[in-house]
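Chemist: Before anything else, here's the structure in question.
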Amino acid sequence: MKQFTDQLGTVHTFENTPKRIISLVPSQTELLYDLGLEDAIVGITKFCVHPFHFKSTKEIIGGTKNIKYDKIKALQPDIIIANKEENTQEIVEQLKGICPVWVTDIITIEENNKMIEDFGNLFNKRTNAQKWIDKINFGYEKFQKVVASKFEENAKQKVAYFIWANPYMVAAGDTFINEMLKLNGLENIYDNNPKYEGRYPEVVVNKMRIQGDPDFVFLSSEPFPFKDEHAFELGRHTHHAKTIFVDGEMFSWYGSRLVKAFDYFTLLQEKLYIYK
């Protein structure tokens, strides 16, 4: 019998290495695949779009917050991989009646690497896990030098990162997106803003000028399909902000996706530097 502890501090005991995995989180599905666990994954959500072929080779068990309990039970999983932010506590408690539910909790790169290390130990993929951690650490150190060459600490640019319209919602503090904005040398005007509570608050856009007046407005490619009219409307409520459509997966997907994200951020830095 082996014991492992997830990122919420829950201790799980397994007699054997879990062989049938259900993933409830798109970015973690991608990570499990990159760790060499394709054959062990038996169920995914409809939002698990990477790798592309999974949509035709894996059982779809619903969404991240709207699961099909009976379908999950029929798959006879050994373990279900969930996330504190993506999946509700109610779903996690419900699924514990089927098998152990491993819950991750990730905001920082350090917590991301801990998740990868945990998966390496849990699924006996330690070598693969360490390779991805090394790739992430290398990319992180390289990108830090890029940022240092573009932005000085005392000249940070301010940003508002929008994830939804009608109503308008943003990524605030205590989120992985916010950490990625910091990594890019940007100051999120909704980080620790006393006017708004929660990780993804609804905001009053016509007050952006007095509540931070960002230099940049980022419109995420997911989960809302922003269009030019949204960019125009939001731009009217700032003094001089440049509106940029950004790849939401690069800012919100953790796991192995970070390796690609650093390359994307490097290109983004060039665009931000032009506007500076």
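We label chains A, B, ... in the order they appear in the structure tokens, count residues from 1 in each chain, and number ligands from 1 in the order shown.
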Find the spatial neighbours of Thr17 in chain A, counting only C-alpha atoms, within a cut-off of 9 Å - ignore same-chain residues fewer than 4 positions away - and output them as an MDAnalysis selection string.
Modeler: chainID A and resid 2 78 122:124
Chemist: When you look at Thr45 in chain A with a cut-off of 12 Å (counting only C-alpha atoms), what residues show up, excluding the ones that are within fewer than 6 positions of it in the same chain? I need them as a VMD selection string.
Modeler: chain A and resid 22 to 30 54 to 55 58 to 68 71 to 72 80 to 82 86 to 87
Chemist: Create the file for the chosen residues now, containing N, CA and C atoms and written as a PDB file, in the first residue's frame.
Modeler:
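Output below, filename part_3.pdb:
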```pdb
ATOM      1  N   ILE A  22      -9.708   9.327 -14.971  1.00  0.00           N
ATOM      2  CA  ILE A  22     -10.648  10.300 -15.537  1.00  0.00           C
ATOM      3  C   ILE A  22     -10.142  11.684 -15.156  1.00  0.00           C
ATOM      4  N   SER A  23     -10.047  12.555 -16.145  1.00  0.00           N
ATOM      5  CA  SER A  23      -9.585  13.924 -15.907  1.00  0.00           C
ATOM      6  C   SER A  23     -10.743  14.900 -16.106  1.00  0.00           C
ATOM      7  N   LEU A  24     -10.942  15.769 -15.128  1.00  0.00           N
ATOM      8  CA  LEU A  24     -12.007  16.764 -15.187  1.00  0.00           C
ATOM      9  C   LEU A  24     -11.482  18.154 -15.526  1.00  0.00           C
ATOM     10  N   VAL A  25     -10.207  18.246 -15.922  1.00  0.00           N
ATOM     11  CA  VAL A  25      -9.583  19.549 -16.157  1.00  0.00           C
ATOM     12  C   VAL A  25      -8.798  19.508 -17.476  1.00  0.00           C
ATOM     13  N   PRO A  26      -9.139  20.380 -18.438  1.00  0.00           N
ATOM     14  CA  PRO A  26      -8.473  20.348 -19.751  1.00  0.00           C
ATOM     15  C   PRO A  26      -6.952  20.418 -19.702  1.00  0.00           C
ATOM     16  N   SER A  27      -6.395  21.345 -18.935  1.00  0.00           N
ATOM     17  CA  SER A  27      -4.942  21.480 -18.912  1.00  0.00           C
ATOM     18  C   SER A  27      -4.280  20.269 -18.274  1.00  0.00           C
ATOM     19  N   GLN A  28      -4.944  19.651 -17.325  1.00  0.00           N
ATOM     20  CA  GLN A  28      -4.376  18.468 -16.683  1.00  0.00           C
ATOM     21  C   GLN A  28      -4.512  17.237 -17.576  1.00  0.00           C
ATOM     22  N   THR A  29      -5.527  17.218 -18.432  1.00  0.00           N
ATOM     23  CA  THR A  29      -5.627  16.154 -19.436  1.00  0.00           C
ATOM     24  C   THR A  29      -4.426  16.216 -20.373  1.00  0.00           C
ATOM     25  N   GLU A  30      -4.094  17.420 -20.811  1.00  0.00           N
ATOM     26  CA  GLU A  30      -2.932  17.611 -21.683  1.00  0.00           C
ATOM     27  C   GLU A  30      -1.657  17.157 -20.981  1.00  0.00           C
ATOM     28  N   PHE A  54      -8.239  13.111 -28.803  1.00  0.00           N
ATOM     29  CA  PHE A  54      -8.927  12.560 -27.639  1.00  0.00           C
ATOM     30  C   PHE A  54     -10.447  12.640 -27.766  1.00  0.00           C
ATOM     31  N   LYS A  55     -10.933  13.629 -28.505  1.00  0.00           N
ATOM     32  CA  LYS A  55     -12.390  13.797 -28.603  1.00  0.00           C
ATOM     33  C   LYS A  55     -13.051  12.606 -29.297  1.00  0.00           C
ATOM     34  N   LYS A  58     -11.605   9.074 -26.511  1.00  0.00           N
ATOM     35  CA  LYS A  58     -11.896   9.010 -25.080  1.00  0.00           C
ATOM     36  C   LYS A  58     -13.369   9.289 -24.816  1.00  0.00           C
ATOM     37  N   GLU A  59     -13.867   8.739 -23.734  1.00  0.00           N
ATOM     38  CA  GLU A  59     -15.269   8.939 -23.349  1.00  0.00           C
ATOM     39  C   GLU A  59     -15.445  10.350 -22.784  1.00  0.00           C
ATOM     40  N   ILE A  60     -16.450  11.066 -23.278  1.00  0.00           N
ATOM     41  CA  ILE A  60     -16.751  12.404 -22.785  1.00  0.00           C
ATOM     42  C   ILE A  60     -17.744  12.280 -21.630  1.00  0.00           C
ATOM     43  N   ILE A  61     -17.360  12.815 -20.466  1.00  0.00           N
ATOM     44  CA  ILE A  61     -18.194  12.613 -19.272  1.00  0.00           C
ATOM     45  C   ILE A  61     -18.887  13.905 -18.815  1.00  0.00           C
ATOM     46  N   GLY A  62     -19.069  14.857 -19.757  1.00  0.00           N
ATOM     47  CA  GLY A  62     -19.737  16.107 -19.412  1.00  0.00           C
ATOM     48  C   GLY A  62     -18.767  17.266 -19.408  1.00  0.00           C
ATOM     49  N   GLY A  63     -19.103  18.315 -18.632  1.00  0.00           N
ATOM     50  CA  GLY A  63     -18.245  19.483 -18.532  1.00  0.00           C
ATOM     51  C   GLY A  63     -17.479  19.493 -17.231  1.00  0.00           C
ATOM     52  N   THR A  64     -16.759  20.578 -16.983  1.00  0.00           N
ATOM     53  CA  THR A  64     -15.978  20.666 -15.745  1.00  0.00           C
ATOM     54  C   THR A  64     -16.884  20.877 -14.523  1.00  0.00           C
ATOM     55  N   LYS A  65     -18.039  21.470 -14.754  1.00  0.00           N
ATOM     56  CA  LYS A  65     -18.962  21.753 -13.640  1.00  0.00           C
ATOM     57  C   LYS A  65     -20.318  21.093 -13.831  1.00  0.00           C
ATOM     58  N   ASN A  66     -20.434  20.255 -14.858  1.00  0.00           N
ATOM     59  CA  ASN A  66     -21.691  19.559 -15.132  1.00  0.00           C
ATOM     60  C   ASN A  66     -21.363  18.150 -15.618  1.00  0.00           C
ATOM     61  N   ILE A  67     -21.063  17.277 -14.670  1.00  0.00           N
ATOM     62  CA  ILE A  67     -20.607  15.929 -15.004  1.00  0.00           C
ATOM     63  C   ILE A  67     -21.772  14.956 -15.131  1.00  0.00           C
ATOM     64  N   LYS A  68     -21.500  13.836 -15.795  1.00  0.00           N
ATOM     65  CA  LYS A  68     -22.475  12.752 -15.913  1.00  0.00           C
ATOM     66  C   LYS A  68     -22.009  11.622 -14.997  1.00  0.00           C
ATOM     67  N   LYS A  71     -22.142   7.910 -16.137  1.00  0.00           N
ATOM     68  CA  LYS A  71     -21.159   7.588 -17.171  1.00  0.00           C
ATOM     69  C   LYS A  71     -19.771   7.410 -16.540  1.00  0.00           C
ATOM     70  N   ILE A  72     -19.452   8.270 -15.575  1.00  0.00           N
ATOM     71  CA  ILE A  72     -18.173   8.156 -14.876  1.00  0.00           C
ATOM     72  C   ILE A  72     -18.101   6.835 -14.113  1.00  0.00           C
ATOM     73  N   ILE A  80      -9.864   9.891 -10.110  1.00  0.00           N
ATOM     74  CA  ILE A  80     -10.410  11.026 -10.842  1.00  0.00           C
ATOM     75  C   ILE A  80      -9.569  12.241 -10.493  1.00  0.00           C
ATOM     76  N   ILE A  81      -9.102  12.957 -11.531  1.00  0.00           N
ATOM     77  CA  ILE A  81      -8.263  14.140 -11.320  1.00  0.00           C
ATOM     78  C   ILE A  81      -9.126  15.393 -11.449  1.00  0.00           C
ATOM     79  N   ALA A  82      -9.195  16.187 -10.383  1.00  0.00           N
ATOM     80  CA  ALA A  82     -10.003  17.400 -10.359  1.00  0.00           C
ATOM     81  C   ALA A  82      -9.137  18.585  -9.949  1.00  0.00           C
ATOM     82  N   GLU A  86     -11.594  24.651 -10.893  1.00  0.00           N
ATOM     83  CA  GLU A  86     -12.392  24.209 -12.036  1.00  0.00           C
ATOM     84  C   GLU A  86     -13.621  23.397 -11.634  1.00  0.00           C
ATOM     85  N   ASN A  87     -13.517  22.631 -10.571  1.00  0.00           N
ATOM     86  CA  ASN A  87     -14.594  21.718 -10.177  1.00  0.00           C
ATOM     87  C   ASN A  87     -15.112  22.075  -8.794  1.00  0.00           C
TER      88      ASN A  87
END
```
Chemist: So which residues touch range 257-262 of chain A within 7 Å, counting only C-alpha atoms, skipping near sequence neighbours fewer than 5 positions away, as a ChimeraX atom specification?
Modeler: /A:135-136,139-140,143,250
Chemist: Just write the chosen residues, N, CA and C atoms, as an mmCIF file, in the first residue's frame.
Modeler:
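File produced: again-v9.cif:
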```
data_model
loop_
_atom_site.group_PDB
_atom_site.id
_atom_site.type_symbol
_atom_site.label_atom_id
_atom_site.label_comp_id
_atom_site.auth_asym_id
_atom_site.auth_seq_id
_atom_site.Cartn_x
_atom_site.Cartn_y
_atom_site.Cartn_z
ATOM 1 N N LYS A 135 12.073 21.431 -18.222
ATOM 2 C CA LYS A 135 11.734 22.282 -19.367
ATOM 3 C C LYS A 135 11.066 23.577 -18.902
ATOM 4 N N ILE A 136 10.167 23.449 -17.947
ATOM 5 C CA ILE A 136 9.459 24.627 -17.429
ATOM 6 C C ILE A 136 10.426 25.560 -16.718
ATOM 7 N N GLY A 139 12.550 27.359 -19.278
ATOM 8 C CA GLY A 139 11.782 28.385 -19.967
ATOM 9 C C GLY A 139 11.480 29.574 -19.081
ATOM 10 N N TYR A 140 11.220 29.300 -17.818
ATOM 11 C CA TYR A 140 10.929 30.354 -16.850
ATOM 12 C C TYR A 140 12.133 31.274 -16.655
ATOM 13 N N PHE A 143 12.732 33.332 -19.796
ATOM 14 C CA PHE A 143 11.744 34.392 -20.002
ATOM 15 C C PHE A 143 11.925 35.533 -19.005
ATOM 16 N N MET A 250 -2.835 30.173 -23.034
ATOM 17 C CA MET A 250 -1.474 30.462 -22.589
ATOM 18 C C MET A 250 -1.452 31.131 -21.215
#
```
Chemist: With only C-alpha atoms as the counted atoms, please give the residues lying no more than 7 Å from range 181-191 of chain A, apart from itself and same-chain residues fewer than 5 positions off, as a PyMOL selection string.
Modeler: chain A and resi 147+151+156-160+172-173+212+214
Chemist: Those residues you just picked out, can you put them in a file as a PDB file, in the first residue's frame with N, CA, C and O atoms?
Modeler:
```
ATOM      1  N   VAL A 147      11.885  39.625 -19.856  1.00  0.00           N
ATOM      2  CA  VAL A 147      11.100  40.666 -19.192  1.00  0.00           C
ATOM      3  C   VAL A 147      12.009  41.734 -18.605  1.00  0.00           C
ATOM      4  O   VAL A 147      11.724  42.933 -18.712  1.00  0.00           O
ATOM      5  N   PHE A 151      11.101  45.694 -19.317  1.00  0.00           N
ATOM      6  CA  PHE A 151      10.431  46.527 -18.326  1.00  0.00           C
ATOM      7  C   PHE A 151      11.287  46.688 -17.082  1.00  0.00           C
ATOM      8  O   PHE A 151      11.794  45.708 -16.546  1.00  0.00           O
ATOM      9  N   LYS A 156       6.345  49.564 -14.310  1.00  0.00           N
ATOM     10  CA  LYS A 156       5.408  48.517 -14.689  1.00  0.00           C
ATOM     11  C   LYS A 156       4.202  49.109 -15.413  1.00  0.00           C
ATOM     12  O   LYS A 156       3.689  50.160 -15.046  1.00  0.00           O
ATOM     13  N   GLN A 157       3.766  48.403 -16.429  1.00  0.00           N
ATOM     14  CA  GLN A 157       2.565  48.792 -17.155  1.00  0.00           C
ATOM     15  C   GLN A 157       1.356  48.127 -16.501  1.00  0.00           C
ATOM     16  O   GLN A 157       1.443  47.002 -15.993  1.00  0.00           O
ATOM     17  N   LYS A 158       0.221  48.804 -16.528  1.00  0.00           N
ATOM     18  CA  LYS A 158      -0.993  48.287 -15.894  1.00  0.00           C
ATOM     19  C   LYS A 158      -1.893  47.616 -16.940  1.00  0.00           C
ATOM     20  O   LYS A 158      -1.935  48.028 -18.097  1.00  0.00           O
ATOM     21  N   VAL A 159      -2.615  46.595 -16.485  1.00  0.00           N
ATOM     22  CA  VAL A 159      -3.436  45.810 -17.403  1.00  0.00           C
ATOM     23  C   VAL A 159      -4.759  45.424 -16.760  1.00  0.00           C
ATOM     24  O   VAL A 159      -4.847  45.276 -15.533  1.00  0.00           O
ATOM     25  N   ALA A 160      -5.783  45.276 -17.591  1.00  0.00           N
ATOM     26  CA  ALA A 160      -7.063  44.681 -17.183  1.00  0.00           C
ATOM     27  C   ALA A 160      -7.286  43.470 -18.079  1.00  0.00           C
ATOM     28  O   ALA A 160      -7.240  43.593 -19.313  1.00  0.00           O
ATOM     29  N   ALA A 172      -8.949  38.523 -11.422  1.00  0.00           N
ATOM     30  CA  ALA A 172      -8.424  39.366 -10.348  1.00  0.00           C
ATOM     31  C   ALA A 172      -7.276  38.645  -9.643  1.00  0.00           C
ATOM     32  O   ALA A 172      -6.582  37.835 -10.248  1.00  0.00           O
ATOM     33  N   GLY A 173      -7.082  38.931  -8.361  1.00  0.00           N
ATOM     34  CA  GLY A 173      -5.994  38.314  -7.619  1.00  0.00           C
ATOM     35  C   GLY A 173      -6.271  36.864  -7.279  1.00  0.00           C
ATOM     36  O   GLY A 173      -7.373  36.356  -7.483  1.00  0.00           O
ATOM     37  N   GLY A 212      -7.996  52.437 -11.867  1.00  0.00           N
ATOM     38  CA  GLY A 212      -6.721  51.884 -12.298  1.00  0.00           C
ATOM     39  C   GLY A 212      -6.223  52.404 -13.622  1.00  0.00           C
ATOM     40  O   GLY A 212      -5.029  52.513 -13.851  1.00  0.00           O
ATOM     41  N   PRO A 214      -5.912  51.278 -17.010  1.00  0.00           N
ATOM     42  CA  PRO A 214      -4.832  50.412 -17.510  1.00  0.00           C
ATOM     43  C   PRO A 214      -4.150  50.951 -18.757  1.00  0.00           C
ATOM     44  O   PRO A 214      -4.726  51.733 -19.524  1.00  0.00           O
TER      45      PRO A 214
END
```
Chemist: Pick out the closest residue to Lys131 in chain A from this set: A:Gly248, A:Gly36, A:Pro201, A:Pro18. Count only C-alpha atoms.
Modeler: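 For Lys131 in chain A, the nearest of the given residues is A:Gly36.
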Chemist: Record the distance separating CA of Ile79 in chain A and CA of Trp132 in chain A, expressed in Å with one decimal.
Modeler: 22.1 Å
Chemist: Can you measure CA of Glu222 in chain A to CA of Glu249 in chain A for me? One decimal in Å is fine.
Modeler: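 Separation between CA of Glu222 in chain A and CA of Glu249 in chain A: 7.3 Å.
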Chemist: Step one, run DSSP on the backbone; step two, keep only residues of range 85-257 of chain A assigned to strand (DSSP E or B); then write them as a PyMOL selection string.
Modeler: chain A and resi 101-104+157-164+169-170+186-188+202+216-220+242-246
Chemist: If you keep N, CA, C and O atoms, can you produce a file of those selected residues as a compact mmCIF listing (two decimals), in the first residue's frame?
Modeler:
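Contents of the output file out.txt:
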```txt
# COMPACT_ATOMS: atom_id res chain seq x y z
N VAL A 101 -10.64 10.88 -5.40
CA VAL A 101 -10.62 12.09 -6.24
C VAL A 101 -9.42 12.92 -5.83
O VAL A 101 -9.36 13.43 -4.71
N TRP A 102 -8.48 13.06 -6.74
CA TRP A 102 -7.25 13.82 -6.50
C TRP A 102 -7.50 15.27 -6.91
O TRP A 102 -7.81 15.54 -8.07
N VAL A 103 -7.36 16.20 -5.98
CA VAL A 103 -7.66 17.60 -6.26
C VAL A 103 -6.37 18.42 -6.25
O VAL A 103 -5.62 18.40 -5.27
N THR A 104 -6.14 19.15 -7.33
CA THR A 104 -5.00 20.05 -7.40
C THR A 104 -5.45 21.47 -7.05
O THR A 104 -6.63 21.80 -7.13
N GLN A 157 3.77 48.40 -16.43
CA GLN A 157 2.56 48.79 -17.16
C GLN A 157 1.36 48.13 -16.50
O GLN A 157 1.44 47.00 -15.99
N LYS A 158 0.22 48.80 -16.53
CA LYS A 158 -0.99 48.29 -15.89
C LYS A 158 -1.89 47.62 -16.94
O LYS A 158 -1.93 48.03 -18.10
N VAL A 159 -2.61 46.59 -16.49
CA VAL A 159 -3.44 45.81 -17.40
C VAL A 159 -4.76 45.42 -16.76
O VAL A 159 -4.85 45.28 -15.53
N ALA A 160 -5.78 45.28 -17.59
CA ALA A 160 -7.06 44.68 -17.18
C ALA A 160 -7.29 43.47 -18.08
O ALA A 160 -7.24 43.59 -19.31
N TYR A 161 -7.49 42.30 -17.48
CA TYR A 161 -7.62 41.05 -18.23
C TYR A 161 -9.07 40.59 -18.19
O TYR A 161 -9.56 40.13 -17.16
N PHE A 162 -9.77 40.71 -19.32
CA PHE A 162 -11.19 40.37 -19.38
C PHE A 162 -11.40 38.94 -19.86
O PHE A 162 -10.76 38.48 -20.81
N ILE A 163 -12.31 38.23 -19.17
CA ILE A 163 -12.62 36.85 -19.53
C ILE A 163 -14.06 36.68 -20.00
O ILE A 163 -14.43 35.63 -20.52
N TRP A 164 -14.90 37.71 -19.80
CA TRP A 164 -16.32 37.55 -20.13
C TRP A 164 -16.94 38.91 -20.42
O TRP A 164 -16.46 39.93 -19.94
N MET A 169 -16.49 40.55 -16.97
CA MET A 169 -15.81 39.93 -15.84
C MET A 169 -14.32 39.89 -16.13
O MET A 169 -13.91 39.79 -17.30
N VAL A 170 -13.52 39.96 -15.07
CA VAL A 170 -12.06 40.00 -15.22
C VAL A 170 -11.40 38.95 -14.34
O VAL A 170 -12.03 38.39 -13.43
N LEU A 186 3.58 42.92 -15.64
CA LEU A 186 2.38 43.75 -15.70
C LEU A 186 1.68 43.81 -14.35
O LEU A 186 1.69 42.84 -13.58
N GLU A 187 1.05 44.92 -14.08
CA GLU A 187 0.31 45.11 -12.84
C GLU A 187 -1.19 45.05 -13.14
O GLU A 187 -1.73 45.88 -13.88
N ASN A 188 -1.85 44.05 -12.58
CA ASN A 188 -3.29 43.85 -12.78
C ASN A 188 -4.06 44.87 -11.93
O ASN A 188 -3.96 44.87 -10.71
N GLU A 202 -17.34 40.51 -11.48
CA GLU A 202 -18.01 41.35 -12.47
C GLU A 202 -17.61 42.79 -12.18
O GLU A 202 -17.60 43.21 -11.03
N PHE A 216 -2.99 48.60 -20.84
CA PHE A 216 -3.41 47.57 -21.79
C PHE A 216 -4.71 46.94 -21.30
O PHE A 216 -4.93 46.77 -20.10
N VAL A 217 -5.56 46.59 -22.26
CA VAL A 217 -6.74 45.78 -21.99
C VAL A 217 -6.57 44.48 -22.75
O VAL A 217 -6.46 44.49 -23.98
N PHE A 218 -6.50 43.37 -22.03
CA PHE A 218 -6.37 42.06 -22.66
C PHE A 218 -7.75 41.42 -22.77
O PHE A 218 -8.49 41.35 -21.78
N LEU A 219 -8.07 40.93 -23.96
CA LEU A 219 -9.32 40.20 -24.18
C LEU A 219 -8.97 38.74 -24.45
O LEU A 219 -8.36 38.42 -25.48
N SER A 220 -9.34 37.87 -23.53
CA SER A 220 -8.95 36.46 -23.61
C SER A 220 -9.75 35.72 -24.69
O SER A 220 -10.94 35.97 -24.89
N LYS A 242 -4.17 50.28 -24.88
CA LYS A 242 -4.13 49.51 -26.10
C LYS A 242 -4.83 48.18 -25.84
O LYS A 242 -4.53 47.49 -24.86
N THR A 243 -5.79 47.83 -26.69
CA THR A 243 -6.54 46.58 -26.51
C THR A 243 -5.89 45.47 -27.34
O THR A 243 -5.65 45.64 -28.53
N ILE A 244 -5.61 44.35 -26.68
CA ILE A 244 -4.92 43.23 -27.33
C ILE A 244 -5.70 41.94 -27.11
O ILE A 244 -6.07 41.61 -25.97
N PHE A 245 -5.99 41.23 -28.18
CA PHE A 245 -6.60 39.91 -28.08
C PHE A 245 -5.49 38.91 -27.75
O PHE A 245 -4.50 38.81 -28.48
N VAL A 246 -5.66 38.17 -26.64
CA VAL A 246 -4.61 37.25 -26.21
C VAL A 246 -5.15 35.82 -26.16
O VAL A 246 -6.35 35.58 -26.06
```
Chemist: How would you write, as an NGL selection string, the set of residues in range 6-244 of chain A that DSSP gives as helix (DSSP H, G or I)?
Modeler: :A and (26-34 or 38-40 or 54-57 or 69-74 or 89-95 or 109-122 or 126-150 or 153-155 or 176-183 or 205-207 or 228-235)
Chemist: So how many Å separate CA of Ala231 in chain A and CA of Asn192 in chain A, to one decimal?
Modeler: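 A separation of 24.3 Å between them.
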